[in-house]
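**Q** Just final.cif, nothing more (mmCIF, C-alpha atoms and all ligand atoms):
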```cif
data_upload
loop_
_atom_site.label_atom_id
_atom_site.label_comp_id
_atom_site.auth_asym_id
_atom_site.auth_seq_id
_atom_site.Cartn_x
_atom_site.Cartn_y
_atom_site.Cartn_z
CA MET A 1 -1.55 22.57 -0.60
CA SER A 2 -4.33 21.37 1.57
CA ARG A 3 -5.15 19.25 4.57
CA ILE A 4 -7.93 16.75 3.96
CA VAL A 5 -10.05 15.11 6.63
CA LEU A 6 -12.56 12.28 6.32
CA GLU A 7 -14.80 11.84 9.34
CA GLY A 8 -16.80 8.64 9.67
CA VAL A 9 -17.45 8.36 5.94
CA THR A 10 -19.76 5.54 4.83
CA LYS A 11 -20.80 4.63 1.29
CA ARG A 12 -23.18 1.80 0.38
CA TYR A 13 -24.26 0.28 -2.90
CA GLY A 14 -27.34 -1.78 -2.12
CA SER A 15 -26.18 -4.32 0.44
CA THR A 16 -22.46 -3.70 -0.26
CA VAL A 17 -20.78 -1.40 2.23
CA ALA A 18 -17.98 -0.03 0.05
CA LEU A 19 -16.66 2.33 2.74
CA ASP A 20 -17.53 1.77 6.38
CA ASP A 21 -17.17 4.63 8.90
CA ALA A 22 -13.77 5.62 7.52
CA SER A 23 -11.86 8.38 9.29
CA LEU A 24 -8.57 9.62 7.93
CA THR A 25 -6.51 12.81 8.12
CA ILE A 26 -4.18 13.65 5.24
CA GLU A 27 -1.72 16.35 6.24
CA SER A 28 -0.91 19.16 3.86
CA GLY A 29 2.16 18.35 1.76
CA SER A 30 2.19 14.69 2.74
CA PHE A 31 2.33 11.59 0.59
CA THR A 32 -0.36 9.21 1.82
CA SER A 33 -0.86 5.79 0.30
CA ILE A 34 -4.17 3.95 0.49
CA PHE A 35 -3.44 0.26 0.37
CA GLY A 36 -5.73 -2.76 0.26
CA PRO A 37 -6.70 -5.75 -1.84
CA PRO A 38 -9.11 -5.42 -4.79
CA SER A 39 -12.65 -4.36 -3.80
CA SER A 40 -11.56 -2.98 -0.43
CA GLY A 41 -12.97 0.48 -1.21
CA LYS A 42 -9.89 2.36 -2.44
CA SER A 43 -11.39 3.80 -5.63
CA VAL A 44 -14.66 4.60 -3.87
CA LEU A 45 -12.72 6.61 -1.27
CA LEU A 46 -11.09 8.69 -4.03
CA ARG A 47 -14.39 9.19 -5.88
CA LEU A 48 -16.04 10.44 -2.68
CA LEU A 49 -13.13 12.83 -2.06
CA LEU A 50 -13.40 14.14 -5.60
CA GLY A 51 -17.13 14.63 -5.22
CA LEU A 52 -18.07 12.32 -8.09
CA GLU A 53 -20.36 10.50 -5.66
CA THR A 54 -22.09 11.47 -2.44
CA VAL A 55 -21.51 9.96 0.99
CA ASP A 56 -24.27 8.10 2.86
CA ALA A 57 -22.87 9.24 6.21
CA GLY A 58 -19.92 11.23 7.52
CA ARG A 59 -18.18 14.45 6.50
CA ILE A 60 -15.27 15.53 4.30
CA PHE A 61 -13.20 18.65 5.01
CA ILE A 62 -10.58 20.39 2.88
CA ASP A 63 -8.56 22.95 4.86
CA GLY A 64 -11.24 23.03 7.52
CA MET A 65 -14.05 23.72 5.02
CA ASP A 66 -16.90 21.24 4.97
CA VAL A 67 -17.03 20.07 1.34
CA THR A 68 -19.23 17.01 1.94
CA ASN A 69 -21.85 18.33 -0.45
CA ALA A 70 -19.65 20.57 -2.60
CA LEU A 71 -19.38 20.08 -6.36
CA PRO A 72 -16.18 18.51 -7.74
CA LYS A 73 -14.96 21.82 -9.21
CA GLU A 74 -15.37 23.54 -5.84
CA ARG A 75 -12.95 21.04 -4.28
CA ASN A 76 -10.08 21.75 -6.68
CA LEU A 77 -8.60 18.25 -6.59
CA SER A 78 -6.66 16.72 -9.47
CA MET A 79 -6.97 13.05 -10.31
CA VAL A 80 -5.13 10.37 -12.29
CA PHE A 81 -7.71 7.67 -12.96
CA GLN A 82 -7.07 3.93 -12.89
CA ASN A 83 -8.13 3.59 -16.53
CA LEU A 84 -6.39 6.54 -18.01
CA ALA A 85 -8.14 8.21 -20.91
CA LEU A 86 -6.14 10.49 -23.17
CA PHE A 87 -7.75 12.32 -26.07
CA PRO A 88 -6.64 10.26 -29.11
CA HIS A 89 -6.83 13.16 -31.56
CA LEU A 90 -4.62 15.46 -29.46
CA THR A 91 -0.83 15.32 -29.13
CA ALA A 92 0.77 14.53 -25.77
CA ARG A 93 1.47 18.25 -25.35
CA GLU A 94 -2.16 19.19 -26.09
CA ASN A 95 -3.39 16.47 -23.76
CA ILE A 96 -1.30 17.77 -20.88
CA ALA A 97 -2.17 21.41 -21.61
CA PHE A 98 -5.89 20.64 -21.82
CA PRO A 99 -6.85 21.41 -18.18
CA LEU A 100 -5.00 24.75 -18.41
CA VAL A 101 -6.47 25.74 -21.78
CA ARG A 102 -9.94 24.95 -20.47
CA ARG A 103 -9.33 27.30 -17.54
CA GLY A 104 -8.28 30.09 -19.92
CA ILE A 105 -4.68 30.28 -18.71
CA ASP A 106 -2.38 32.33 -20.98
CA SER A 107 -0.12 30.47 -23.39
CA GLY A 108 3.15 31.76 -21.86
CA THR A 109 2.24 30.29 -18.48
CA ILE A 110 1.07 27.06 -20.12
CA ASP A 111 4.41 26.66 -21.91
CA ASP A 112 6.36 27.20 -18.69
CA ARG A 113 4.29 24.73 -16.68
CA LEU A 114 4.35 22.18 -19.44
CA ASP A 115 8.12 22.30 -19.87
CA GLN A 116 8.60 21.87 -16.16
CA VAL A 117 6.26 18.89 -15.85
CA ALA A 118 7.56 17.24 -19.03
CA GLY A 119 11.12 17.60 -17.76
CA ILE A 120 10.29 15.89 -14.48
CA LEU A 121 8.47 13.05 -16.23
CA SER A 122 11.15 12.71 -18.96
CA ILE A 123 8.66 13.09 -21.78
CA SER A 124 9.87 16.30 -23.43
CA HIS A 125 10.96 14.34 -26.52
CA ILE A 126 7.54 12.76 -27.17
CA LEU A 127 5.26 15.76 -26.66
CA HIS A 128 4.54 16.06 -30.41
CA LYS A 129 3.19 12.50 -30.66
CA LYS A 130 -0.41 11.35 -30.42
CA PRO A 131 -1.38 8.63 -27.88
CA ALA A 132 -1.53 5.86 -30.50
CA ALA A 133 2.18 6.40 -31.21
CA LEU A 134 3.18 6.14 -27.52
CA SER A 135 4.06 3.08 -25.45
CA GLY A 136 1.95 2.19 -22.40
CA GLY A 137 4.52 3.72 -20.09
CA GLU A 138 4.67 6.94 -22.09
CA ARG A 139 0.89 7.24 -22.15
CA GLN A 140 0.81 6.79 -18.40
CA ARG A 141 3.37 9.56 -17.92
CA VAL A 142 1.34 11.87 -20.14
CA ALA A 143 -1.76 11.13 -18.04
CA ILE A 144 0.19 11.88 -14.85
CA GLY A 145 1.52 15.04 -16.47
CA ARG A 146 -2.02 16.19 -17.25
CA ALA A 147 -3.00 15.75 -13.60
CA LEU A 148 0.10 17.50 -12.26
CA VAL A 149 0.21 20.46 -14.64
CA ARG A 150 -2.51 22.37 -12.87
CA ASP A 151 -2.53 23.89 -9.40
CA ALA A 152 -4.69 21.75 -7.17
CA SER A 153 -5.32 21.42 -3.46
CA ALA A 154 -4.24 17.80 -3.69
CA TYR A 155 -3.40 15.17 -6.31
CA LEU A 156 -5.27 11.88 -6.22
CA MET A 157 -3.88 8.84 -8.02
CA ASP A 158 -5.68 5.55 -8.51
CA GLU A 159 -3.11 2.81 -9.16
CA PRO A 160 -1.34 5.15 -11.59
CA ILE A 161 1.50 2.81 -12.50
CA ALA A 162 -0.12 -0.62 -12.03
CA ALA A 163 -0.26 -1.23 -15.79
CA LEU A 164 3.45 -0.60 -16.35
CA ASP A 165 6.15 -3.27 -16.45
CA ALA A 166 8.12 -3.92 -13.27
CA ARG A 167 11.25 -1.99 -14.21
CA LEU A 168 9.33 1.12 -15.25
CA ARG A 169 7.24 0.93 -12.07
CA ASP A 170 10.43 1.08 -10.00
CA VAL A 171 11.61 4.15 -11.89
CA MET A 172 8.22 5.86 -11.78
CA ARG A 173 7.69 5.45 -8.07
CA VAL A 174 11.01 7.09 -7.33
CA GLU A 175 10.15 9.93 -9.74
CA LEU A 176 6.71 10.47 -8.25
CA LYS A 177 8.14 10.59 -4.76
CA ARG A 178 10.79 13.11 -5.81
CA LEU A 179 8.26 15.24 -7.62
CA GLN A 180 5.91 15.25 -4.64
CA SER A 181 8.58 16.31 -2.18
CA GLU A 182 10.12 18.89 -4.55
CA PHE A 183 6.79 20.67 -4.96
CA GLY A 184 5.44 19.94 -1.48
CA HIS A 185 2.25 18.60 -3.06
CA THR A 186 -0.39 16.67 -1.12
CA PHE A 187 -0.54 13.21 -2.75
CA ILE A 188 -3.15 10.55 -2.11
CA TYR A 189 -1.97 7.44 -3.82
CA VAL A 190 -4.01 4.26 -4.18
CA THR A 191 -2.30 0.94 -4.79
CA HIS A 192 -2.79 -2.77 -4.17
CA ASP A 193 0.98 -3.38 -4.25
CA ASN A 194 2.42 -3.54 -0.75
CA GLU A 195 5.98 -2.62 -1.68
CA GLU A 196 4.79 0.35 -3.67
CA ALA A 197 2.51 1.49 -0.84
CA MET A 198 5.39 1.32 1.63
CA SER A 199 8.15 2.79 -0.50
CA VAL A 200 6.42 5.94 -1.75
CA ALA A 201 4.44 7.06 1.24
CA ASP A 202 5.04 9.13 4.38
CA ARG A 203 1.88 7.61 5.78
CA MET A 204 -0.09 4.57 4.84
CA ALA A 205 -3.76 3.71 5.39
CA ILE A 206 -4.79 0.07 5.06
CA LEU A 207 -8.30 -0.78 3.93
CA ARG A 208 -10.09 -4.06 4.50
CA GLU A 209 -13.62 -4.51 3.18
CA GLY A 210 -14.26 -0.77 3.44
CA ARG A 211 -12.87 -0.37 6.95
CA ILE A 212 -9.57 1.31 7.80
CA GLU A 213 -7.49 -1.27 9.68
CA GLN A 214 -4.46 0.89 10.42
CA ILE A 215 -2.97 4.30 9.64
CA ASP A 216 0.67 4.98 10.40
CA VAL A 217 4.10 5.55 8.92
CA PRO A 218 5.18 2.54 6.80
CA ASP A 219 7.98 1.52 9.19
CA ALA A 220 5.57 1.32 12.11
CA ILE A 221 3.06 -0.68 10.10
CA TYR A 222 5.77 -3.18 9.25
CA ALA A 223 7.21 -3.30 12.77
CA LYS A 224 3.93 -3.23 14.71
CA PRO A 225 1.02 -4.33 12.53
CA ALA A 226 -2.24 -3.61 14.39
CA THR A 227 -3.88 -6.83 13.22
CA ALA A 228 -2.89 -10.22 11.85
CA TYR A 229 -4.56 -9.12 8.61
CA VAL A 230 -2.26 -6.11 8.23
CA ALA A 231 0.74 -8.28 9.12
CA SER A 232 -0.20 -10.65 6.31
CA LEU A 233 -0.54 -7.83 3.75
CA VAL A 234 2.62 -5.86 4.55
CA GLY A 235 6.01 -7.42 4.00
CA SER A 236 7.35 -9.76 1.37
CA PRO A 237 7.66 -12.72 1.48
CA ARG A 238 4.51 -12.93 3.55
CA ILE A 239 4.71 -13.30 7.34
CA ASN A 240 4.27 -16.82 8.79
CA LEU A 241 1.05 -16.94 10.82
CA LEU A 242 0.50 -19.95 13.07
CA ASN A 243 -2.15 -20.91 15.57
CA ALA A 244 -0.80 -20.69 19.10
CA GLU A 245 -2.05 -20.81 22.64
CA TYR A 246 -1.14 -19.11 25.88
CA THR A 247 -1.07 -21.91 28.37
CA ALA A 248 0.80 -22.83 31.53
CA GLY A 249 2.71 -19.55 31.41
CA GLY A 250 4.01 -20.01 27.89
CA VAL A 251 3.15 -19.46 24.22
CA VAL A 252 2.86 -22.84 22.55
CA SER A 253 2.69 -23.30 18.77
CA PRO A 254 3.53 -26.15 16.38
CA LEU A 255 7.10 -24.83 16.62
CA GLY A 256 7.19 -25.59 20.34
CA LYS A 257 7.19 -23.31 23.35
CA LEU A 258 8.52 -19.77 23.01
CA ALA A 259 10.65 -18.26 25.74
CA MET A 260 8.70 -15.41 27.38
CA VAL A 261 9.78 -11.85 26.71
CA THR A 262 9.64 -9.19 29.44
CA GLY A 263 6.21 -7.58 29.46
CA TRP A 264 4.40 -10.42 27.68
CA ARG A 265 2.96 -11.99 30.80
CA GLU A 266 0.98 -8.87 31.69
CA LYS A 267 -0.43 -8.44 28.17
CA LEU A 268 -1.20 -12.12 27.70
CA LYS A 269 -2.94 -12.71 31.00
CA SER A 270 -6.47 -12.65 29.54
CA ALA A 271 -5.43 -14.23 26.23
CA LYS A 272 -5.88 -17.81 25.20
CA ALA A 273 -6.11 -18.60 21.51
CA LEU A 274 -3.47 -16.63 19.63
CA ARG A 275 -2.01 -16.13 16.18
CA LEU A 276 1.76 -16.14 16.19
CA GLY A 277 3.38 -14.04 13.46
CA ILE A 278 7.02 -14.55 12.48
CA ARG A 279 8.48 -12.69 9.54
CA PRO A 280 10.63 -14.80 7.19
CA GLU A 281 13.48 -12.32 7.65
CA ALA A 282 13.36 -12.85 11.44
CA ILE A 283 14.12 -16.56 11.17
CA GLN A 284 17.67 -17.82 11.10
CA VAL A 285 18.29 -20.86 8.92
CA THR A 286 21.25 -23.12 9.64
CA PRO A 287 22.15 -25.61 6.86
CA ASN A 288 22.54 -29.31 7.69
CA ASP A 289 21.47 -28.79 11.27
CA THR A 290 19.69 -31.64 12.94
CA GLY A 291 20.56 -30.60 16.48
CA SER A 292 18.47 -27.39 16.63
CA ASP A 293 15.29 -26.90 18.64
CA ILE A 294 13.36 -26.66 15.38
CA VAL A 295 14.41 -29.00 12.59
CA ALA A 296 12.62 -28.63 9.27
CA SER A 297 12.71 -30.34 5.92
CA VAL A 298 13.26 -28.02 2.95
CA SER A 299 10.51 -28.24 0.33
CA ASP A 300 11.43 -25.28 -1.88
CA VAL A 301 14.38 -22.95 -2.48
CA GLU A 302 13.83 -19.77 -4.47
CA ARG A 303 17.18 -18.16 -5.29
CA LEU A 304 16.89 -14.40 -5.83
CA GLY A 305 20.56 -13.46 -5.89
CA ALA A 306 21.03 -11.34 -2.78
CA PHE A 307 18.98 -13.78 -0.72
CA SER A 308 17.03 -17.02 -1.04
CA ILE A 309 13.52 -17.80 0.09
CA ILE A 310 13.47 -21.14 1.88
CA THR A 311 10.20 -23.00 2.38
CA SER A 312 10.39 -25.84 4.85
CA LYS A 313 8.10 -28.08 6.79
CA THR A 314 8.19 -29.11 10.40
CA LYS A 315 5.44 -31.21 12.00
CA ASP A 316 3.05 -30.44 9.11
CA THR A 317 3.63 -26.71 9.53
CA GLU A 318 5.04 -24.82 6.58
CA ILE A 319 7.52 -22.05 7.40
CA THR A 320 9.00 -19.49 5.04
CA ALA A 321 12.41 -18.09 5.90
CA ILE A 322 15.14 -16.00 4.29
CA ALA A 323 18.69 -17.25 3.92
CA ALA A 324 21.79 -15.71 2.36
CA GLY A 325 21.90 -15.86 -1.43
CA ASP A 326 24.89 -18.16 -1.35
CA ALA A 327 23.60 -20.45 1.43
CA ARG A 328 24.17 -24.11 0.57
CA ILE A 329 20.62 -25.30 1.03
CA SER A 330 18.75 -27.65 -1.32
CA VAL A 331 15.31 -29.24 -1.47
CA GLY A 332 15.19 -32.28 0.85
CA ASP A 333 17.82 -30.94 3.29
CA SER A 334 17.22 -30.81 7.00
CA VAL A 335 17.80 -27.31 8.33
CA GLY A 336 17.71 -25.76 11.77
CA LEU A 337 15.39 -22.78 12.32
CA SER A 338 15.95 -20.36 15.14
CA ILE A 339 13.57 -17.67 16.20
CA ASN A 340 14.13 -14.81 18.57
CA PRO A 341 10.90 -14.45 20.60
CA SER A 342 11.26 -10.67 20.74
CA ASP A 343 10.92 -10.61 16.93
CA CYS A 344 7.57 -12.40 17.13
CA HIS A 345 4.13 -10.82 16.82
CA LEU A 346 1.18 -12.13 18.80
CA PHE A 347 -2.42 -11.45 17.79
CA ASP A 348 -5.67 -12.35 19.50
CA GLY A 349 -6.96 -15.56 17.93
CA SER A 350 -10.52 -14.33 17.46
CA SER A 351 -10.35 -10.55 16.92
CA GLY A 352 -6.98 -10.65 15.15
CA ARG A 353 -5.86 -7.57 17.07
CA ARG A 354 -2.27 -7.20 18.18
CA VAL A 355 -1.55 -8.35 21.74
CA VAL A 356 2.25 -7.95 21.80
N1 LIG A 401 -20.91 2.06 -8.74
C1 LIG A 401 -20.94 0.95 -7.98
N2 LIG A 401 -22.06 0.19 -7.87
C2 LIG A 401 -22.09 -0.91 -7.08
N3 LIG A 401 -21.05 -1.35 -6.36
C3 LIG A 401 -19.89 -0.65 -6.42
C4 LIG A 401 -19.78 0.53 -7.23
N4 LIG A 401 -18.52 1.02 -7.08
C5 LIG A 401 -17.89 0.18 -6.24
N5 LIG A 401 -18.71 -0.81 -5.83
C6 LIG A 401 -18.34 -1.89 -4.87
O1 LIG A 401 -17.72 -1.30 -3.77
C7 LIG A 401 -16.61 -2.08 -3.32
C8 LIG A 401 -15.34 -1.26 -3.35
O2 LIG A 401 -15.02 -0.96 -4.69
P1 LIG A 401 -13.69 -0.18 -5.13
O3 LIG A 401 -13.51 1.02 -4.28
O4 LIG A 401 -13.79 0.04 -6.58
O5 LIG A 401 -12.54 -1.25 -4.79
P2 LIG A 401 -10.97 -1.11 -5.01
O6 LIG A 401 -10.37 -1.18 -3.64
O7 LIG A 401 -10.59 -2.31 -5.82
O8 LIG A 401 -10.70 0.17 -5.73
C9 LIG A 401 -16.58 -3.29 -4.23
O9 LIG A 401 -17.25 -4.34 -3.59
C10 LIG A 401 -17.33 -2.82 -5.45
O10 LIG A 401 -17.93 -3.91 -6.12
MG MG A 402 -9.90 0.50 -7.65
#
```
Kindly transcribe the structure held in the file into structure tokens.
**A**
Amino acid sequence: MSRIVLEGVTKRYGSTVALDDASLTIESGSFTSIFGPPSSGKSVLLRLLLGLETVDAGRIFIDGMDVTNALPKERNLSMVFQNLALFPHLTARENIAFPLVRRGIDSGTIDDRLDQVAGILSISHILHKKPAALSGGERQRVAIGRALVRDASAYLMDEPIAALDARLRDVMRVELKRLQSEFGHTFIYVTHDNEEAMSVADRMAILREGRIEQIDVPDAIYAKPATAYVASLVGSPRINLLNAEYTAGGVVSPLGKLAMVTGWREKLKSAKALRLGIRPEAIQVTPNDTGSDIVASVSDVERLGAFSIITSKTKDTEITAIAAGDARISVGDSVGLSINPSDCHLFDGSSGRRVV
């Protein structure tokens, strides 16, 4: 397995900067997810790593070797493409074996590798079928099998399970994670699904319009998002972001004045306009409470069993919060909201960067 380094990589298409001075280190044997909205440069990053396209600036290293201008086959990376393409005239087994056959590997070794991969992906029973006779989920597993069957320095996956239904996605992401850690493979996994990006990866890189906004372990990205943008992408339901101001020694937002937390004063001294971030799960909702500091009127209740998502309005500001699944809260109720200031995130109002 290999360590991969991108150093200041830039890729342009005409006036579009698809990747902008991106630097990223992927440790050998790690599971790294690349997360960002559509058109943020995720697929371009993988294509540059693979060597299908050339960089406009920057360097790419695999195990310390400069491969910036190396041919794809010299990089020995294996890829599952976003739009998977199986050979329709070959069986699932022949599709998976294809990369090995092409490399002239003996049939005994091919059989061993194939059985192992098919076992992990639970597709042993469908190996005799051709793609047209497989479901979408089965086809996707075959495509993943074809990428994993050969020895590669790293395995690159471009939204490999995005096309599957929700239940199968849950199963597949657990399987992929297990497979990666069992074999100690280096995985680079692209997705636009924030829960998927967080749940599979050891490390997560977040792209925004071709720039890397933050790289860290998923827990740290959730707990300490580097920018308001990252805070808004990671976590579900989405974080509440409000305009706020540091004035007269306090942080004032439409929710009122927040009690100061130790250490804030120092960090806020040059701040003025702020964005206040409060995660829905950090807000306590008290039913039928009209005596709280923050009283809000409930406009929507989404019951999800284990918990409910409560949308409420106070002074024209909409706030999303989480309540217990069995909380007796209905649309039109007045509820009390309480917020612990130490659970709040503060970002600079203009740059969006984290202040505290
Ligand atoms: N071959 C190309 N020609 C022109 N523009 C491209 C090409 N490939 C990608 N782009 C542009 O680069 C940006 C990033 O694309 P991409 O990496 O495919 O996004 P995503 O994060 O959805 O995978 C987009 O604005 C896209 O339109
Ligand atoms: Mg893409």
**Q** How would you report the residues lying within 7 Å of ligand LIG 401 (chain A), as an NGL selection string, if you count only C-alpha atoms and all ligand atoms?
**A** :A and (13 or 16-18 or 36-45 or 210)
**Q** Box for range 146-152 of chain A - axis-aligned, 4 Å on each of the six sides, all listed atoms - centre and size in Å to one decimal, as JSON.
**A**
```
{"center_x": -2.2, "center_y": 19.8, "center_z": -12.2, "size_x": 12.9, "size_y": 16.1, "size_z": 18.1}
```
**Q** Might you pull out every residue within 9 Å of Phe31 in chain A, with all atoms listed in the file counted and same-chain residues fewer than 3 positions away left off, and present them as a list in words?
**A**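 My list of contacting residues is Ile26, Glu27, Ser28, Lys177, Gln180, Ser181, His185, Thr186, Phe187, Ile188, Tyr189, Val200, Ala201, Asp202, Arg203 and Met204 of chain A.
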**Q** Near range 225-237 of chain A, counting all atoms listed in the file, which residues have an atom at most 8 Å away, once you skip same-chain residues fewer than 4 positions from it, shown as a ChimeraX atom specification?
**A** /A:194-195,206,213-214,220-221,241,275,277,280,309,320,347,352-354
**Q** Tell me, as a ChimeraX atom specification, which residues lie within 10 Å of Phe81 in chain A, counting all atoms listed in the file; anything in the same chain fewer than 3 positions away does not count.
**A** /A:43,46-47,78,84-85,143-144,147,156-160
